[in-house]
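Listing of data.tsv, TSV, C-alpha atoms
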chain	number	residue	atom	x	y	z
H	1	MET	CA	6.28	265.79	-19.79
H	2	VAL	CA	5.70	266.73	-23.37
H	3	THR	CA	2.28	265.80	-24.64
H	4	ASN	CA	0.96	266.27	-28.10
H	5	VAL	CA	-2.71	266.10	-29.02
H	6	THR	CA	-1.98	264.39	-32.31
H	7	SER	CA	0.15	261.54	-31.02
H	8	LEU	CA	-1.87	258.36	-30.60
H	9	THR	CA	-2.02	258.28	-26.80
H	10	ARG	CA	-0.51	261.68	-25.87
H	11	SER	CA	2.21	259.69	-24.20
H	12	GLY	CA	5.44	258.88	-25.95
H	13	LEU	CA	5.91	255.79	-23.81
H	14	SER	CA	2.48	254.36	-24.68
H	15	ASP	CA	3.05	255.13	-28.34
H	16	PHE	CA	6.43	253.41	-28.11
H	17	VAL	CA	4.88	250.24	-26.67
H	18	ILE	CA	1.91	250.23	-29.06
H	19	GLN	CA	4.27	250.71	-31.99
H	20	ARG	CA	6.19	247.59	-31.00
H	21	VAL	CA	3.24	245.38	-30.03
H	22	SER	CA	1.49	246.21	-33.30
H	23	ALA	CA	4.77	245.54	-35.16
H	24	ALA	CA	4.91	242.07	-33.62
H	25	VAL	CA	1.28	241.40	-34.63
H	26	LEU	CA	1.92	242.59	-38.19
H	27	THR	CA	5.07	240.47	-38.46
H	28	LEU	CA	3.25	237.34	-37.29
H	29	TYR	CA	0.36	238.03	-39.65
H	30	THR	CA	2.76	238.49	-42.56
H	31	LEU	CA	4.50	235.19	-41.72
H	32	CYS	CA	1.15	233.36	-41.60
H	33	VAL	CA	-0.02	234.70	-44.96
H	34	VAL	CA	3.37	234.12	-46.58
H	35	GLY	CA	3.36	230.60	-45.17
H	36	PHE	CA	-0.08	230.00	-46.65
H	37	PHE	CA	0.99	231.24	-50.09
H	38	LEU	CA	4.19	229.17	-50.02
H	39	ALA	CA	2.24	226.08	-48.95
H	40	THR	CA	-0.29	226.61	-51.74
H	41	PRO	CA	1.51	226.63	-55.09
H	42	GLU	CA	-1.70	226.24	-57.13
H	43	MET	CA	-3.73	229.10	-55.66
H	44	THR	CA	-7.43	229.22	-56.44
H	45	HIS	CA	-10.25	231.51	-55.40
H	46	ALA	CA	-11.78	228.75	-53.28
H	47	LYS	CA	-8.53	228.13	-51.36
H	48	LEU	CA	-8.02	231.86	-50.80
H	49	LEU	CA	-11.60	232.25	-49.59
H	50	ALA	CA	-11.36	229.23	-47.30
H	51	TYR	CA	-8.18	230.57	-45.72
H	52	PHE	CA	-9.23	234.18	-45.10
H	53	GLY	CA	-12.82	233.19	-44.33
H	54	SER	CA	-11.88	230.84	-41.48
H	55	THR	CA	-12.74	232.10	-38.00
H	56	PRO	CA	-9.13	232.21	-36.69
H	57	MET	CA	-8.03	234.21	-39.74
H	58	LEU	CA	-11.07	236.49	-39.50
H	59	LEU	CA	-10.04	237.39	-35.95
H	60	PHE	CA	-6.36	237.63	-36.87
H	61	SER	CA	-7.20	239.84	-39.87
H	62	THR	CA	-9.26	242.11	-37.64
H	63	LEU	CA	-6.33	242.38	-35.23
H	64	MET	CA	-4.02	243.04	-38.19
H	65	VAL	CA	-6.25	245.86	-39.50
H	66	LEU	CA	-6.37	247.58	-36.10
H	67	SER	CA	-2.63	247.07	-35.62
H	68	THR	CA	-1.96	248.55	-39.05
H	69	ALA	CA	-3.99	251.64	-38.17
H	70	ALA	CA	-2.16	252.18	-34.87
H	71	HIS	CA	1.28	251.35	-36.25
H	72	ALA	CA	0.88	253.53	-39.34
H	73	TRP	CA	-0.58	256.43	-37.36
H	74	ILE	CA	2.32	256.47	-34.89
H	75	GLY	CA	4.85	256.04	-37.69
H	76	MET	CA	3.41	258.77	-39.89
H	77	TRP	CA	3.05	261.05	-36.85
H	78	THR	CA	6.73	260.53	-36.04
H	79	VAL	CA	7.78	261.30	-39.59
H	80	GLY	CA	5.43	264.31	-39.81
H	81	THR	CA	6.60	265.89	-36.56
H	82	ASP	CA	10.23	265.26	-37.52
H	83	TYR	CA	10.11	266.99	-40.87
H	84	ILE	CA	7.05	269.23	-41.08
H	85	ARG	CA	8.28	271.91	-38.69
H	86	ASP	CA	9.23	275.56	-38.80
H	87	HIS	CA	12.87	274.86	-39.58
H	88	TYR	CA	11.93	273.38	-42.95
H	89	PHE	CA	8.44	274.69	-43.66
H	90	GLY	CA	8.41	278.18	-42.17
H	91	LYS	CA	5.93	279.58	-39.70
H	92	HIS	CA	2.92	277.80	-41.21
H	93	SER	CA	4.39	274.37	-40.54
H	94	THR	CA	1.74	273.54	-37.93
H	95	SER	CA	-1.00	274.13	-40.50
H	96	PHE	CA	0.82	271.99	-43.06
H	97	ARG	CA	1.26	269.25	-40.48
H	98	MET	CA	-2.45	269.33	-39.59
H	99	VAL	CA	-3.32	268.91	-43.28
H	100	TYR	CA	-0.78	266.08	-43.57
H	101	GLN	CA	-2.18	264.35	-40.49
H	102	ALA	CA	-5.75	264.80	-41.68
H	103	GLY	CA	-4.67	263.14	-44.93
H	104	CYS	CA	-3.08	260.25	-43.04
H	105	ALA	CA	-6.18	259.85	-40.86
H	106	THR	CA	-8.46	259.84	-43.90
H	107	ILE	CA	-6.42	257.20	-45.72
H	108	LEU	CA	-6.22	255.03	-42.59
H	109	PHE	CA	-9.96	255.36	-42.01
H	110	VAL	CA	-10.61	254.20	-45.58
H	111	TYR	CA	-8.22	251.25	-45.08
H	112	VAL	CA	-9.86	250.20	-41.81
H	113	ALA	CA	-13.46	250.51	-43.05
H	114	TRP	CA	-12.66	248.84	-46.36
H	115	ALA	CA	-10.63	245.99	-44.85
H	116	LEU	CA	-13.11	245.24	-42.06
H	117	LYS	CA	-15.98	245.18	-44.56
H	118	LEU	CA	-13.93	242.89	-46.79
H	119	PHE	CA	-12.99	240.39	-44.08
H	120	TRP	CA	-16.29	240.39	-42.23
H	121	SER	CA	-18.36	239.79	-45.36
H	122	LEU	CA	-16.41	236.71	-46.47
V	1	MET	CA	26.71	287.59	-15.10
V	2	SER	CA	27.84	284.37	-13.55
V	3	SER	CA	31.01	282.80	-14.77
V	4	ALA	CA	29.09	279.79	-16.04
V	5	SER	CA	27.37	281.84	-18.70
V	6	LYS	CA	30.72	283.20	-19.89
V	7	LYS	CA	32.04	279.75	-20.55
V	8	GLU	CA	32.44	278.80	-24.11
V	9	ARG	CA	29.05	277.61	-25.29
V	10	PRO	CA	28.61	274.61	-27.59
V	11	VAL	CA	28.54	275.74	-31.18
V	12	TYR	CA	25.57	274.69	-33.24
V	13	ILE	CA	26.90	273.56	-36.56
V	14	SER	CA	24.23	273.56	-39.21
V	15	VAL	CA	24.99	270.67	-41.50
V	16	SER	CA	22.94	269.77	-44.49
V	17	PRO	CA	22.47	266.04	-44.98
V	18	PHE	CA	24.13	266.52	-48.35
V	19	GLU	CA	27.39	267.85	-46.91
V	20	PHE	CA	28.66	264.69	-45.27
V	21	ALA	CA	28.68	260.97	-45.90
V	22	PHE	CA	26.17	258.99	-43.90
V	23	PRO	CA	27.44	255.88	-42.14
V	24	PHE	CA	25.92	252.66	-43.43
V	25	THR	CA	23.82	252.22	-40.30
V	26	ALA	CA	22.33	255.71	-40.74
V	27	LEU	CA	21.35	254.90	-44.34
V	28	ALA	CA	19.77	251.65	-43.15
V	29	SER	CA	17.82	253.60	-40.51
V	30	ILE	CA	16.56	256.12	-43.05
V	31	ALA	CA	15.63	253.26	-45.38
V	32	HIS	CA	13.53	251.78	-42.57
V	33	ARG	CA	11.68	255.08	-42.36
V	34	ILE	CA	11.31	255.52	-46.13
V	35	THR	CA	10.01	251.97	-46.60
V	36	GLY	CA	7.55	252.62	-43.77
V	37	VAL	CA	6.14	255.70	-45.48
V	38	LEU	CA	5.95	253.93	-48.85
V	39	LEU	CA	4.28	250.92	-47.23
V	40	PHE	CA	1.62	253.28	-45.90
V	41	LEU	CA	0.54	253.53	-49.54
V	42	GLY	CA	1.69	250.03	-50.56
V	43	ILE	CA	-0.62	248.42	-48.01
V	44	GLY	CA	-3.51	249.95	-49.98
V	45	TYR	CA	-2.33	248.16	-53.11
V	46	LEU	CA	-2.12	244.85	-51.26
V	47	LEU	CA	-5.57	245.41	-49.78
V	48	TRP	CA	-6.99	246.20	-53.22
V	49	LEU	CA	-5.43	243.07	-54.72
V	50	LEU	CA	-6.77	240.90	-51.90
V	51	SER	CA	-10.25	242.39	-52.06
V	52	VAL	CA	-10.48	241.84	-55.82
V	53	ALA	CA	-9.12	238.29	-55.54
V	54	LEU	CA	-11.53	237.41	-52.71
V	55	GLU	CA	-14.58	238.98	-54.35
V	56	SER	CA	-15.45	236.19	-56.79
V	57	GLU	CA	-14.00	233.66	-59.22
V	58	ALA	CA	-14.03	236.40	-61.86
V	59	GLY	CA	-12.29	238.79	-59.47
V	60	PHE	CA	-9.61	236.20	-58.73
V	61	ALA	CA	-9.01	235.81	-62.47
V	62	GLN	CA	-8.91	239.60	-62.80
V	63	ALA	CA	-6.30	239.92	-60.04
V	64	THR	CA	-4.25	237.10	-61.57
V	65	SER	CA	-4.29	238.67	-65.03
V	66	ALA	CA	-3.55	242.12	-63.60
V	67	LEU	CA	-0.45	240.67	-61.95
V	68	ALA	CA	0.64	239.11	-65.24
V	69	ALA	CA	1.48	242.63	-66.46
V	70	PRO	CA	5.20	243.34	-65.89
V	71	PHE	CA	4.59	246.73	-64.27
V	72	ALA	CA	2.01	245.42	-61.78
V	73	LYS	CA	4.33	242.55	-60.94
V	74	LEU	CA	7.17	245.02	-60.42
V	75	VAL	CA	5.02	247.14	-58.10
V	76	LEU	CA	4.00	244.07	-56.09
V	77	TRP	CA	7.62	242.94	-55.91
V	78	GLY	CA	8.60	246.42	-54.75
V	79	VAL	CA	5.95	246.50	-52.03
V	80	LEU	CA	6.84	243.00	-50.82
V	81	SER	CA	10.57	243.81	-50.84
V	82	MET	CA	9.97	246.94	-48.80
V	83	LEU	CA	7.84	244.90	-46.40
V	84	ILE	CA	10.67	242.38	-46.01
V	85	TYR	CA	13.19	245.12	-45.25
V	86	HIS	CA	10.86	247.03	-42.94
V	87	ILE	CA	10.09	243.89	-40.92
V	88	LEU	CA	13.73	242.75	-40.65
V	89	ALA	CA	14.94	246.24	-39.73
V	90	GLY	CA	12.09	246.40	-37.21
V	91	VAL	CA	13.09	243.07	-35.65
V	92	LYS	CA	16.66	244.35	-35.33
V	93	HIS	CA	15.31	247.55	-33.77
V	94	MET	CA	13.34	245.52	-31.24
V	95	PHE	CA	16.50	243.63	-30.23
V	96	LEU	CA	18.23	246.97	-29.68
V	97	ASP	CA	15.25	248.13	-27.59
V	98	PHE	CA	15.87	245.16	-25.30
V	99	HIS	CA	19.60	245.99	-25.26
V	100	VAL	CA	20.45	242.84	-27.14
V	101	GLY	CA	23.44	243.51	-29.38
V	102	ASP	CA	23.38	247.24	-28.82
V	103	THR	CA	27.12	247.69	-28.85
V	104	PHE	CA	28.49	249.64	-31.80
V	105	GLN	CA	30.14	246.59	-33.33
V	106	ALA	CA	27.18	244.22	-32.87
V	107	ALA	CA	24.64	246.75	-34.15
V	108	THR	CA	26.77	247.46	-37.22
V	109	SER	CA	27.09	243.74	-37.99
V	110	ALA	CA	23.37	243.27	-37.44
V	111	THR	CA	22.64	246.09	-39.88
V	112	TYR	CA	24.74	244.39	-42.56
V	113	ALA	CA	22.94	241.12	-41.80
V	114	VAL	CA	19.52	242.80	-42.11
V	115	VAL	CA	20.39	244.41	-45.44
V	116	GLY	CA	22.00	241.22	-46.77
V	117	LEU	CA	19.10	239.02	-45.73
V	118	SER	CA	16.61	241.52	-47.17
V	119	VAL	CA	18.35	241.47	-50.54
V	120	LEU	CA	18.34	237.66	-50.56
V	121	LEU	CA	14.66	237.45	-49.59
V	122	ALA	CA	13.74	240.16	-52.11
V	123	LEU	CA	15.53	238.17	-54.83
V	124	ALA	CA	13.74	235.00	-53.70
V	125	THR	CA	10.42	236.87	-53.83
V	126	GLY	CA	11.26	238.01	-57.35
V	127	ALA	CA	12.06	234.45	-58.39
V	128	TRP	CA	8.75	233.30	-56.86
V	129	LEU	CA	6.77	236.03	-58.66
V	130	TRP	CA	8.34	235.52	-62.09
Rewrite the structure of this file - the entire thing - as structure tokens.
Amino acid sequence: MVTNVTSLTRSGLSDFVIQRVSAAVLTLYTLCVVGFFLATPEMTHAKLLAYFGSTPMLLFSTLMVLSTAAHAWIGMWTVGTDYIRDHYFGKHSTSFRMVYQAGCATILFVYVAWALKLFWSL
Amino acid sequence: MSSASKKERPVYISVSPFEFAFPFTALASIAHRITGVLLFLGIGYLLWLLSVALESEAGFAQATSALAAPFAKLVLWGVLSMLIYHILAGVKHMFLDFHVGDTFQAATSATYAVVGLSVLLALATGAWLW
């Protein structure tokens, strides 16, 4: 079995399942928010706050944030390991890929911290 | 040496992606990947917009006026269109994972349906934004 320290779970099968479960969560979340916007033609700050500040949406948003982190990490890992390799980048490809993955991790960490602070302080 | 090793070995043909025409389904698959990478950044824009709009009445007005600018509106439309395509292509992918419509013919038709529906929804999103 091939394992890789930088994949999310070190198991391709787990990553595969997480990728799809998180995709389903993100799709449902998108549909809910789109539905809200379509059902609210005259959007105001109060309506927006009431929607995202409600307990069900707070929980759903938290789930969405965590799903985004997992989904994006697996996706960016897949893309990185497909393209940032010796064949294209020469013998230092592993170093380049580590930098790339550190960049992805940093951005995702900022997203998660920022989004959780945003939703949980509404 | 055994006779097996003397058999004609498969030839590795190095082909650059620029040397042959991609089938439509391959382009759709690559587009799924490209939109995914761009959404990695686009999600930050959506998060920023939402955080500004949720901050206060003044922030909501700021987000609204920022989106009145044609370029910002174009960026938002682009991000939303990519999201539409990425989700629809993902749903199709999930069907294939469950071996629903994974014959060559069905998968090709489904790809055309995904692209067609994405274009329609992207146009509808544009009409809604402008």
Residues of chain H no more than 9 Å from chain V, counting all atoms listed in the file: send them over as a ChimeraX atom specification.
/H:20,23-24,26-27,44-46,48-49,52,72,75-76,79,104,107-108,111,114-115,118-119,122
Pairwise distance for CA of Gln19 (chain H) and CA of Trp73 (chain H), rounded to one decimal in Å:
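Between these atoms lies a distance of 9.2 Å.
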Taking all atoms of region 29-39 of chain H that the file lists and extending 5 Å past them on each side, where is the centre of the axis-aligned box and how long are its edges? Answer in Å to one decimal, as AutoDock Vina command-line options.
--center_x 2.2 --center_y 232.3 --center_z -44.9 --size_x 14.6 --size_y 22.4 --size_z 20.4
Restricting the calculation to all atoms listed in the file: of H:Gln101, H:Asn4, H:Ser95, H:Thr30, which residue gets closest to Ser61 (chain H)?
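Nearest to Ser61 (chain H): H:Thr30.
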Rounded to one decimal, what separation in Å do you get between CA of Val112 (chain H) and CA of Leu67 (chain V)?
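Pair CA of Val112 (chain H) / CA of Leu67 (chain V) returns 24.2 Å.
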What does the distance between CA of His99 (chain V) and CA of Thr35 (chain V) come to in Å, to one decimal place?
24.1 Å
So, with all atoms listed in the file as the atoms that count, which of V:Leu121, V:Ala63, V:Leu129, V:Val100 lies closest to Met82 (chain V)?
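Checking each candidate against Met82 (chain V), we get V:Leu121 as the closest.
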Set the distance at 10 Å and use all atoms listed in the file: which residues neighbour Ser7 (chain H) once local chain neighbours fewer than 2 positions away are removed? I'd like the list as a list in words.
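Counting only the stated atoms, we get Thr3, Asn4, Val5, Thr9, Arg10, Ser11, Gly12, Ser14, Asp15, Trp73, Ile74, Gly75, Met76, Trp77, Thr78 and Thr81 of chain H.
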Counting all atoms listed in the file, figure out which residue out of V:Ala72, V:Leu38, V:Ala28, V:Ile13 gets nearest to Val115 (chain V).
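Going through V:Ala72, V:Leu38, V:Ala28, V:Ile13 one by one, the smallest distance to Val115 (chain V) is for V:Ala28.
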